[in-house]
file upload00.cif (mmCIF, C-alpha atoms)
data_work
#
loop_
_atom_site.label_atom_id
_atom_site.label_comp_id
_atom_site.auth_asym_id
_atom_site.auth_seq_id
_atom_site.Cartn_x
_atom_site.Cartn_y
_atom_site.Cartn_z
CA LEU A 409 116.64 29.41 -254.30
CA PRO A 410 113.36 31.11 -255.28
CA GLY A 411 113.87 34.62 -256.59
CA MET A 412 117.64 34.32 -257.04
CA HIS A 413 117.51 34.71 -260.82
CA ARG A 414 115.82 38.10 -260.48
CA TRP A 415 118.14 39.03 -257.60
CA HIS A 416 121.22 38.36 -259.72
CA ILE A 417 119.87 40.42 -262.63
CA GLU A 418 118.79 43.34 -260.46
CA SER A 419 122.06 43.30 -258.49
CA VAL A 420 123.92 44.44 -261.63
CA GLY A 421 121.35 47.13 -262.46
CA GLY A 422 119.25 44.99 -264.79
CA GLN A 423 115.60 44.04 -265.00
CA ALA A 424 114.01 40.60 -265.31
CA SER A 425 110.45 39.93 -266.40
CA SER A 426 108.33 37.27 -268.05
CA PHE A 427 104.94 36.75 -269.64
CA THR A 428 102.84 33.88 -270.92
CA ALA A 429 100.84 33.92 -274.15
CA GLU A 430 98.69 31.24 -275.78
CA ASP A 431 101.63 29.34 -277.30
CA THR A 432 104.72 30.58 -275.47
CA THR A 433 106.30 31.67 -272.23
CA SER A 434 108.91 34.40 -272.62
CA PHE A 435 111.66 35.41 -270.19
CA ILE A 436 113.19 38.84 -270.70
CA ASN A 437 116.44 40.09 -269.17
CA THR A 438 117.58 43.68 -269.68
CA ILE A 439 121.20 43.91 -268.56
CA PRO A 440 124.48 45.77 -269.03
CA SER A 441 126.15 44.10 -272.01
CA SER A 442 129.15 43.12 -269.88
CA TYR A 443 126.90 40.65 -268.01
CA LEU A 444 125.81 38.71 -271.11
CA SER A 445 127.73 35.57 -270.17
CA GLU A 446 126.41 35.49 -266.60
CA THR A 447 122.84 36.02 -267.77
CA LEU A 448 123.07 33.16 -270.27
CA ARG A 449 124.40 30.98 -267.46
CA LEU A 450 121.31 31.82 -265.43
CA GLU A 451 119.02 31.04 -268.37
CA ALA A 452 120.73 27.71 -268.99
CA GLU A 453 120.19 26.92 -265.32
CA ARG A 454 116.53 27.86 -265.61
CA MET A 455 116.13 25.66 -268.69
CA ARG A 456 117.05 22.41 -266.99
CA SER A 457 117.54 22.96 -263.25
CA LEU A 458 114.36 24.70 -262.14
CA LEU A 459 113.09 23.69 -258.69
CA PHE A 460 109.41 23.68 -257.74
CA VAL A 461 109.33 24.63 -254.07
CA ASP A 462 106.02 24.11 -252.26
CA ASP A 463 105.96 27.54 -250.60
CA SER A 464 106.72 29.31 -253.88
CA LEU A 465 104.12 27.22 -255.71
CA ALA A 466 101.45 28.13 -253.17
CA SER A 467 102.32 31.83 -253.46
CA ALA A 468 102.29 31.69 -257.27
CA LYS A 469 98.89 29.97 -257.27
CA GLU A 470 97.48 32.68 -255.01
CA THR A 471 98.81 35.34 -257.37
CA VAL A 472 97.24 33.72 -260.43
CA GLN A 473 93.93 33.12 -258.66
CA SER A 474 93.84 36.77 -257.59
CA ALA A 475 94.38 37.77 -261.22
CA ILE A 476 91.53 35.50 -262.30
CA GLU A 477 89.22 37.00 -259.67
CA ALA A 478 90.13 40.50 -260.84
CA SER A 479 89.39 39.59 -264.47
CA GLU A 480 86.01 38.15 -263.48
CA LYS A 481 85.09 41.61 -262.16
CA ASP A 482 86.46 43.45 -265.18
CA PRO A 483 83.80 44.02 -267.88
CA ILE A 484 86.38 44.10 -270.67
CA ALA A 485 87.98 40.84 -269.55
CA ARG A 486 84.56 39.19 -269.22
CA ALA A 487 83.58 40.35 -272.71
CA LEU A 488 86.86 39.07 -274.15
CA SER A 489 86.30 35.68 -272.51
CA GLY A 490 82.83 35.42 -274.07
CA PHE A 491 84.22 36.53 -277.43
CA LEU A 492 86.92 33.83 -277.39
CA LYS A 493 84.47 31.09 -276.47
CA ALA A 494 82.28 32.07 -279.42
CA ALA A 495 85.25 32.26 -281.80
CA TYR A 496 86.74 28.90 -280.78
CA PRO A 497 84.04 26.30 -280.08
CA THR A 498 86.50 23.52 -279.14
CA HIS A 499 90.08 24.80 -279.55
CA PRO A 500 92.07 25.57 -276.36
CA TYR A 501 92.41 29.16 -277.60
CA ARG A 502 88.87 29.60 -276.27
CA ASN A 503 90.41 29.80 -272.79
CA THR A 504 92.27 32.82 -271.47
CA VAL A 505 95.91 32.36 -270.52
CA ASN A 506 95.25 32.45 -266.76
CA GLY A 507 92.82 29.52 -266.92
CA ASN A 508 90.25 29.18 -264.16
CA LYS A 509 90.51 29.03 -260.39
CA ASP A 510 89.64 25.33 -260.08
CA GLU A 511 92.36 24.31 -262.55
CA VAL A 512 94.94 26.47 -260.80
CA ALA A 513 93.97 25.14 -257.37
CA ALA A 514 94.36 21.55 -258.57
CA LEU A 515 97.89 22.03 -259.95
CA SER A 516 100.62 20.17 -258.07
CA GLY A 517 104.37 20.39 -258.13
CA SER A 518 104.49 17.10 -260.04
CA ASP A 519 102.13 18.54 -262.70
CA LEU A 520 104.46 21.48 -263.20
CA GLN A 521 107.54 19.26 -263.21
CA SER A 522 106.02 17.07 -265.93
CA PHE A 523 105.16 20.09 -268.09
CA TYR A 524 108.60 21.58 -267.50
CA ASN A 525 110.37 18.36 -268.44
CA THR A 526 108.33 18.10 -271.63
CA TYR A 527 108.54 21.63 -272.98
CA TYR A 528 111.49 23.44 -271.35
CA GLN A 529 114.05 21.84 -273.65
CA PRO A 530 116.68 23.39 -275.94
CA ASN A 531 114.98 22.02 -279.06
CA ASN A 532 111.79 23.83 -278.05
CA ALA A 533 113.39 27.20 -277.25
CA LEU A 534 114.31 30.36 -279.13
CA LEU A 535 117.05 32.68 -277.89
CA VAL A 536 117.12 36.32 -279.01
CA VAL A 537 119.96 38.68 -278.03
CA THR A 538 120.16 42.34 -279.04
CA GLY A 539 122.37 45.22 -277.99
CA GLY A 540 126.04 46.03 -277.62
CA VAL A 541 127.48 42.54 -278.06
CA SER A 542 128.97 40.75 -281.04
CA GLU A 543 127.70 37.58 -282.65
CA ALA A 544 130.93 35.84 -281.63
CA GLN A 545 130.41 36.77 -277.97
CA VAL A 546 126.88 35.39 -278.04
CA ARG A 547 127.90 32.17 -279.78
CA ASP A 548 130.77 31.58 -277.35
CA ALA A 549 128.55 32.09 -274.29
CA VAL A 550 125.74 29.93 -275.70
CA LYS A 551 128.20 27.16 -276.49
CA LYS A 552 129.71 27.38 -273.00
CA TYR A 553 126.44 27.13 -271.09
CA PHE A 554 123.96 25.37 -273.38
CA ASP A 555 126.10 22.82 -275.23
CA GLY A 556 126.00 20.43 -272.27
CA ILE A 557 122.20 20.36 -272.17
CA PRO A 558 120.98 17.29 -274.08
CA LYS A 559 118.27 17.61 -276.67
CA GLY A 560 114.85 16.80 -275.30
CA GLY A 561 112.27 14.49 -276.78
CA ALA A 562 109.66 15.51 -279.31
CA THR A 563 107.38 18.14 -277.81
CA PRO A 564 103.69 17.30 -278.22
CA ARG A 565 101.66 19.68 -280.32
CA GLY A 566 97.90 19.81 -280.04
CA GLN A 567 96.09 18.96 -283.26
CA VAL A 568 92.71 20.37 -282.27
CA LYS A 569 91.05 22.08 -285.21
CA ASP A 570 87.79 23.92 -285.01
CA SER A 571 85.44 23.55 -287.93
CA PRO A 572 84.90 26.78 -289.89
CA THR A 573 82.65 29.06 -287.91
CA THR A 574 79.54 30.73 -289.20
CA PRO A 575 78.85 34.38 -288.35
CA LYS A 576 77.84 34.70 -284.71
CA VAL A 577 76.43 37.47 -282.56
CA VAL A 578 76.90 37.05 -278.81
CA ASP A 579 75.00 39.28 -276.40
CA LEU A 580 76.61 39.49 -272.97
CA PRO A 581 75.06 40.82 -269.76
CA ALA A 582 74.94 44.62 -269.68
CA THR A 583 77.76 46.41 -267.86
CA GLU A 584 78.69 49.97 -267.06
CA VAL A 585 80.95 49.96 -270.14
CA GLY A 586 79.67 49.72 -273.71
CA LEU A 587 81.82 47.21 -275.63
CA LEU A 588 81.94 45.78 -279.12
CA PHE A 589 84.31 42.98 -280.13
CA LEU A 590 84.47 42.12 -283.83
CA GLY A 591 86.67 39.34 -285.11
CA TYR A 592 87.52 37.32 -288.19
CA ARG A 593 89.36 34.02 -288.29
CA ILE A 594 92.86 34.30 -289.79
CA PRO A 595 95.55 31.70 -290.58
CA GLU A 596 98.40 30.59 -288.34
CA ALA A 597 101.51 32.75 -287.86
CA LYS A 598 103.58 30.84 -290.45
CA ALA A 599 101.10 31.52 -293.26
CA ASP A 600 102.23 33.85 -296.05
CA ASP A 601 99.18 36.08 -295.63
CA ILE A 602 100.03 36.98 -292.04
CA TYR A 603 102.28 39.88 -293.08
CA ALA A 604 99.51 41.52 -295.07
CA LEU A 605 97.09 40.94 -292.20
CA GLN A 606 99.46 42.63 -289.74
CA LEU A 607 99.81 45.61 -292.06
CA LEU A 608 96.04 45.81 -292.44
CA SER A 609 95.61 45.68 -288.66
CA ALA A 610 98.09 48.54 -288.22
CA LEU A 611 96.36 50.67 -290.84
CA ILE A 612 92.97 50.11 -289.28
CA GLY A 613 93.59 50.36 -285.58
CA ILE A 614 97.05 51.50 -284.48
CA GLY A 615 98.01 55.07 -283.61
CA PRO A 616 96.21 58.41 -283.93
CA HIS A 617 95.97 58.08 -287.72
CA GLY A 618 94.42 54.61 -287.73
CA ARG A 619 91.12 54.52 -289.57
CA LEU A 620 89.13 53.34 -286.56
CA GLN A 621 90.70 56.08 -284.45
CA ARG A 622 89.73 58.78 -286.94
CA LYS A 623 86.27 57.41 -287.58
CA PHE A 624 85.19 56.70 -284.00
CA VAL A 625 87.46 58.29 -281.39
CA ALA A 626 88.10 61.56 -283.19
CA THR A 627 84.35 61.94 -283.72
CA ARG A 628 83.61 61.02 -280.08
CA ARG A 629 81.62 57.96 -280.96
CA ALA A 630 84.04 55.78 -278.99
CA VAL A 631 86.51 56.27 -276.16
CA ARG A 632 89.06 53.72 -277.36
CA VAL A 633 89.60 51.42 -280.32
CA ALA A 634 92.19 48.73 -281.03
CA SER A 635 93.03 46.21 -283.71
CA GLU A 636 95.26 43.13 -283.61
CA ALA A 637 96.21 40.36 -286.01
CA SER A 638 96.88 37.56 -283.52
CA LEU A 639 100.11 35.64 -284.19
CA ARG A 640 99.51 32.09 -283.02
CA GLU A 641 100.74 28.61 -283.82
CA GLY A 642 97.22 27.68 -284.82
CA PRO A 643 94.67 29.78 -286.69
CA GLY A 644 93.97 33.05 -284.89
#
call {"tool": "encode", "arguments": {"input": "upload00.cif", "output": "structure tokens"}}
result
Amino acid sequence: LPGMHRWHIESVGGQASSFTAEDTTSFINTIPSSYLSETLRLEAERMRSLLFVDDSLASAKETVQSAIEASEKDPIARALSGFLKAAYPTHPYRNTVNGNKDEVAALSGSDLQSFYNTYYQPNNALLVVTGGVSEAQVRDAVKKYFDGIPKGGATPRGQVKDSPTTPKVVDLPATEVGLLFLGYRIPEAKADDIYALQLLSALIGIGPHGRLQRKFVATRRAVRVASEASLREGPG
């Protein structure tokens, strides 16, 4: 039944959440360690026995459309959308994760079922467990609940590649907030250089001692600064 996964987790004092990024959907369960086995049973059930109920689908679509409408009114979200479209002329990364209202409205239960059957497979999943449990406990529970799930087919991977971009300056309509987005194309997450790029990003923009923080926020030339080396399957 809809919502039962969360109900089970919360009934033992845990928390369940999820988020979607450009390349992944992540499900996070924070639980007492004694409920590891039960939680893995629930995740195995979610992997291959998810039901798309019309009422729940309609509610979820309304939630996503409301989020899209809110982002359309947010000057930072609008600026980010324009920035992404300039950075990625043809790649799907040019779109924000929520998509647009027309696409969401057109989604059907069969569309979701097809996507689910294609990508929600054990050979396209990564399981991470941390906390007060042993490796043997995790392996035993995974074997018990996931061994019976057959391997899925090959999961399609988009091969869209943008041509190298030339420097671009995009002027967006004026808002009540002054914004500047500055970006450089970097390689995909598996590239060797990504570790150095993450370190550089941290040195430049993270924490009170980041160079951007000291140069702009500490001197009151900016209210907030941030830096991120995007980890993506394709070039970021």
call {"tool": "closest_residue", "arguments": {"input": "upload00.cif", "among": "A:Lys559, A:Pro440, A:Glu453, A:Ala634", "to": "Pro616 (chain A)", "atoms": "all atoms listed in the file"}}
result
A:Ala634
call {"tool": "residues_around", "arguments": {"input": "upload00.cif", "residues": "Glu641 (chain A)", "least_positions_apart": "3", "cutoff": "7 Å", "atoms": "all atoms listed in the file", "output": "ChimeraX atom specification"}}
result
/A:431,596-597
call {"tool": "resolve_selection", "arguments": {"input": "upload00.cif", "expression": "the PyMOL selection byres ((chain A and resi 573-581) around 12)", "output": "number ranges by chain"}}
result
A: 483-499, 569-572, 582-594
call {"tool": "residues_around", "arguments": {"input": "upload00.cif", "residues": "Gln529 (chain A)", "least_positions_apart": "4", "cutoff": "8 Å", "atoms": "all atoms listed in the file", "output": "PDB file with C-alpha atoms, in the frame of the given file"}}
result
ATOM      1  CA  MET A 455     116.130  25.660-268.690  1.00  0.00           C
ATOM      2  CA  ARG A 456     117.050  22.410-266.990  1.00  0.00           C
ATOM      3  CA  ASN A 525     110.370  18.360-268.440  1.00  0.00           C
ATOM      4  CA  ALA A 533     113.390  27.200-277.250  1.00  0.00           C
ATOM      5  CA  LYS A 559     118.270  17.610-276.670  1.00  0.00           C
ATOM      6  CA  GLY A 560     114.850  16.800-275.300  1.00  0.00           C
TER       7      GLY A 560
END
call {"tool": "resolve_selection", "arguments": {"input": "upload00.cif", "expression": "the PyMOL selection byres ((chain A and resi 538) around 12)", "output": "MDAnalysis selection string"}}
result
chainID A and resid 436:441 444 535:537 539:543 545:546
call {"tool": "closest_residue", "arguments": {"input": "upload00.cif", "among": "A:Gly517, A:Ala549, A:Val472, A:Asp600", "to": "Glu451 (chain A)", "atoms": "only C-alpha atoms"}}
result
A:Ala549
call {"tool": "closest_residue", "arguments": {"input": "upload00.cif", "among": "A:Thr447, A:Ser457, A:Asn506, A:Gln621", "to": "Thr471 (chain A)", "atoms": "only C-alpha atoms"}}
result
A:Asn506
call {"tool": "closest_residue", "arguments": {"input": "upload00.cif", "among": "A:Gly422, A:Lys598, A:Leu608, A:Leu515", "to": "Asp462 (chain A)", "atoms": "all atoms listed in the file"}}
result
A:Leu515
call {"tool": "atom_distance", "arguments": {"input": "upload00.cif", "atom1": "CA of Val505 (chain A)", "atom2": "CA of Ala429 (chain A)"}}
result
6.3 Å
call {"tool": "closest_residue", "arguments": {"input": "upload00.cif", "among": "A:Val550, A:Leu458, A:Val625, A:Leu639", "to": "Phe523 (chain A)", "atoms": "all atoms listed in the file"}}
result
A:Leu458
call {"tool": "closest_residue", "arguments": {"input": "upload00.cif", "among": "A:Ala424, A:Ile476, A:Ala452, A:Leu459", "to": "Asn503 (chain A)", "atoms": "all atoms listed in the file"}}
result
A:Ile476
call {"tool": "atom_distance", "arguments": {"input": "upload00.cif", "atom1": "CA of Leu607 (chain A)", "atom2": "CA of Gly644 (chain A)"}}
result
15.6 Å
call {"tool": "atom_distance", "arguments": {"input": "upload00.cif", "atom1": "CA of Arg632 (chain A)", "atom2": "CA of Asp601 (chain A)"}}
result
27.3 Å
call {"tool": "resolve_selection", "arguments": {"input": "upload00.cif", "expression": "the PyMOL selection byres ((chain A and resi 416) around 12)", "output": "list of chain:residue names"}}
result
A:Leu409, A:Pro410, A:Gly411, A:Met412, A:His413, A:Arg414, A:Trp415, A:Ile417, A:Glu418, A:Ser419, A:Val420, A:Gly421, A:Gly422, A:Gln423, A:Ala424, A:Asn437, A:Thr438, A:Ile439, A:Tyr443, A:Glu446, A:Thr447, A:Leu448, A:Arg449, A:Leu450, A:Glu451
call {"tool": "residues_around", "arguments": {"input": "upload00.cif", "residues": "Ala475 (chain A)", "least_positions_apart": "6", "cutoff": "12 Å", "atoms": "all atoms listed in the file", "output": "PDB file with C-alpha atoms, in the frame of the given file"}}
result
ATOM      1  CA  ALA A 468     102.290  31.690-257.270  1.00  0.00           C
ATOM      2  CA  LYS A 469      98.890  29.970-257.270  1.00  0.00           C
ATOM      3  CA  LYS A 481      85.090  41.610-262.160  1.00  0.00           C
ATOM      4  CA  ASP A 482      86.460  43.450-265.180  1.00  0.00           C
ATOM      5  CA  ALA A 485      87.980  40.840-269.550  1.00  0.00           C
ATOM      6  CA  THR A 504      92.270  32.820-271.470  1.00  0.00           C
ATOM      7  CA  VAL A 505      95.910  32.360-270.520  1.00  0.00           C
ATOM      8  CA  ASN A 506      95.250  32.450-266.760  1.00  0.00           C
ATOM      9  CA  GLY A 507      92.820  29.520-266.920  1.00  0.00           C
ATOM     10  CA  ASN A 508      90.250  29.180-264.160  1.00  0.00           C
ATOM     11  CA  LYS A 509      90.510  29.030-260.390  1.00  0.00           C
ATOM     12  CA  VAL A 512      94.940  26.470-260.800  1.00  0.00           C
TER      13      VAL A 512
END
call {"tool": "axis_aligned_box", "arguments": {"input": "upload00.cif", "around": "region 438-455 of chain A", "padding_each_side": "8 Å", "output": "JSON"}}
result
{"center_x": 122.6, "center_y": 35.7, "center_z": -268.7, "size_x": 29.0, "size_y": 36.1, "size_z": 22.7}
call {"tool": "build_atoms", "arguments": {"input": "upload00.cif", "residues": "region 576-587 of chain A", "atoms": "N, CA, C and O atoms", "output": "PDB file, in the frame of the given file"}}
result
ATOM      1  N   LYS A 576      78.521  34.803-285.995  1.00  0.00           N
ATOM      2  CA  LYS A 576      77.840  34.700-284.710  1.00  0.00           C
ATOM      3  C   LYS A 576      77.713  36.080-284.070  1.00  0.00           C
ATOM      4  O   LYS A 576      78.599  36.927-284.204  1.00  0.00           O
ATOM      5  N   VAL A 577      76.625  36.273-283.369  1.00  0.00           N
ATOM      6  CA  VAL A 577      76.430  37.470-282.560  1.00  0.00           C
ATOM      7  C   VAL A 577      76.183  37.002-281.131  1.00  0.00           C
ATOM      8  O   VAL A 577      75.282  36.195-280.886  1.00  0.00           O
ATOM      9  N   VAL A 578      77.015  37.465-280.204  1.00  0.00           N
ATOM     10  CA  VAL A 578      76.900  37.050-278.810  1.00  0.00           C
ATOM     11  C   VAL A 578      76.541  38.271-277.966  1.00  0.00           C
ATOM     12  O   VAL A 578      77.284  39.264-277.945  1.00  0.00           O
ATOM     13  N   ASP A 579      75.411  38.207-277.305  1.00  0.00           N
ATOM     14  CA  ASP A 579      75.000  39.280-276.400  1.00  0.00           C
ATOM     15  C   ASP A 579      75.386  38.888-274.979  1.00  0.00           C
ATOM     16  O   ASP A 579      74.974  37.834-274.486  1.00  0.00           O
ATOM     17  N   LEU A 580      76.168  39.740-274.342  1.00  0.00           N
ATOM     18  CA  LEU A 580      76.610  39.490-272.970  1.00  0.00           C
ATOM     19  C   LEU A 580      75.812  40.371-272.011  1.00  0.00           C
ATOM     20  O   LEU A 580      75.236  41.388-272.426  1.00  0.00           O
ATOM     21  N   PRO A 581      75.781  40.003-270.735  1.00  0.00           N
ATOM     22  CA  PRO A 581      75.060  40.820-269.760  1.00  0.00           C
ATOM     23  C   PRO A 581      75.540  42.270-269.781  1.00  0.00           C
ATOM     24  O   PRO A 581      76.733  42.551-269.947  1.00  0.00           O
ATOM     25  N   ALA A 582      74.609  43.189-269.625  1.00  0.00           N
ATOM     26  CA  ALA A 582      74.940  44.620-269.680  1.00  0.00           C
ATOM     27  C   ALA A 582      75.906  44.992-268.555  1.00  0.00           C
ATOM     28  O   ALA A 582      75.849  44.451-267.452  1.00  0.00           O
ATOM     29  N   THR A 583      76.810  45.906-268.856  1.00  0.00           N
ATOM     30  CA  THR A 583      77.760  46.410-267.860  1.00  0.00           C
ATOM     31  C   THR A 583      77.767  47.927-267.931  1.00  0.00           C
ATOM     32  O   THR A 583      77.096  48.541-268.771  1.00  0.00           O
ATOM     33  N   GLU A 584      78.578  48.517-267.066  1.00  0.00           N
ATOM     34  CA  GLU A 584      78.690  49.970-267.060  1.00  0.00           C
ATOM     35  C   GLU A 584      79.517  50.487-268.229  1.00  0.00           C
ATOM     36  O   GLU A 584      79.623  51.690-268.451  1.00  0.00           O
ATOM     37  N   VAL A 585      80.121  49.581-268.997  1.00  0.00           N
ATOM     38  CA  VAL A 585      80.950  49.960-270.140  1.00  0.00           C
ATOM     39  C   VAL A 585      80.343  49.378-271.408  1.00  0.00           C
ATOM     40  O   VAL A 585      80.031  48.189-271.461  1.00  0.00           O
ATOM     41  N   GLY A 586      80.163  50.219-272.426  1.00  0.00           N
ATOM     42  CA  GLY A 586      79.670  49.720-273.710  1.00  0.00           C
ATOM     43  C   GLY A 586      80.828  49.142-274.520  1.00  0.00           C
ATOM     44  O   GLY A 586      81.842  49.817-274.735  1.00  0.00           O
ATOM     45  N   LEU A 587      80.710  47.896-274.947  1.00  0.00           N
ATOM     46  CA  LEU A 587      81.820  47.210-275.630  1.00  0.00           C
ATOM     47  C   LEU A 587      81.333  46.532-276.905  1.00  0.00           C
ATOM     48  O   LEU A 587      80.219  45.994-276.956  1.00  0.00           O
TER      49      LEU A 587
END
